[in-house]
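To start, the structure itself, in C-alpha cells.
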Amino acid sequence: MSFKILCIAIIFGLCTVGLLGLTLCRMFARRWCRPKRVFPSRGEDRYRLPYEAIKFLSRGVLIHGWFISAAQGMGRRPAVVLVHGWSSNAASMLPVASLLHRAGFHVLMYDARGHGLSGQNGPITVFKLA
C-alpha cells in the first residue's frame, strides 16, 4: 500500500469518526437536553389574581401567557415582565407576580417557547428560549 493511499484512508477514517461523533452529540442533545414540559396546574388560582389570558406570535410560534393588571385607581403604573426558567412555566412565577401586583405593578408572564402551553418549532435550545 502506497503512502498516498494510506494518508487518504486515514483522513477518510478521521472524517467518518468526526461525523459520527457530531451525529451522536446531536442525538444526545435532542433526546436528553430538552426541557421537560410542565403544564400549569389547577391549584394556581390560590393567588386570586385578576388576570387576562393572552396569546401572541413569536417567530411563527404561538406563545401563551397572562397579563395581571395593577389595582384600579392607581393611575399609570409601570409593568414588569416575568420569565420562568428551563423546564418550568409561567405559573411558577405566580408568587413573585402576587408581590408585584400588591406593590402596584402590571405583570406580564408567559410560557417560553416549548414550555407550558406555548408551542414549539423543532428542538428547544437555550438560544430559542432567550
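The chains in the C-alpha cells are called A, B, ... from first to last as shown; in each chain the residues are counted from 1, and the ligands are counted from 1 in the order shown.
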*Determine which residues of stretch 45-121 of chain A receive a DSSP assignment of alpha helix (DSSP H), computed from the backbone, and state them as a count of residues only.*
9
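Near A:Tyr110, within 9 Å and counting only C-alpha atoms, sit A:Ile54, A:Lys55, A:Ile63, A:His64, A:Gly65, A:Trp66, A:Phe67, A:Val81, A:Leu82, A:Val83, A:His84, A:Asn89, A:Ala90, A:Ala91, A:Gly116, A:Ser118, not including residues fewer than 5 positions from it in the same chain.
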_Just to confirm, what's the straight-line distance from atom CA of A:Pro123 to atom CA of A:Ser87 in Å (one decimal)?_
13.4 Å
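Interatomic distance, atom CA of A:Leu100 against atom CA of A:Pro50: 12.8 Å.
Taking only C-alpha atoms, the non-local environment of A:Leu62 within 6 Å (same-chain residues fewer than 4 positions away omitted) comprises A:Phe56, A:Leu57, A:Ser118, A:Gly119.
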*Within 9 Å of A:Ala70, counting only C-alpha atoms, which residues show up once you throw out same-chain ones fewer than 5 positions away? Write them as a ChimeraX atom specification, please.*
/A:50,77-79,100-107
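Here atom CA of A:Ser88 and atom CA of A:Arg26 stand 23.2 Å from one another.
Using only C-alpha atoms, the protein and nucleic acid residues lying no more than 12 Å from A:Tyr47, apart from those fewer than 3 places from it along its own chain, are Arg42, Gly43, Glu44, Pro50, Tyr51, Ile68, Ala91, Ser92, Met93, Leu94, Pro95, Val96, Ala97, Ser98, Leu99, His101 and Arg102 of chain A.
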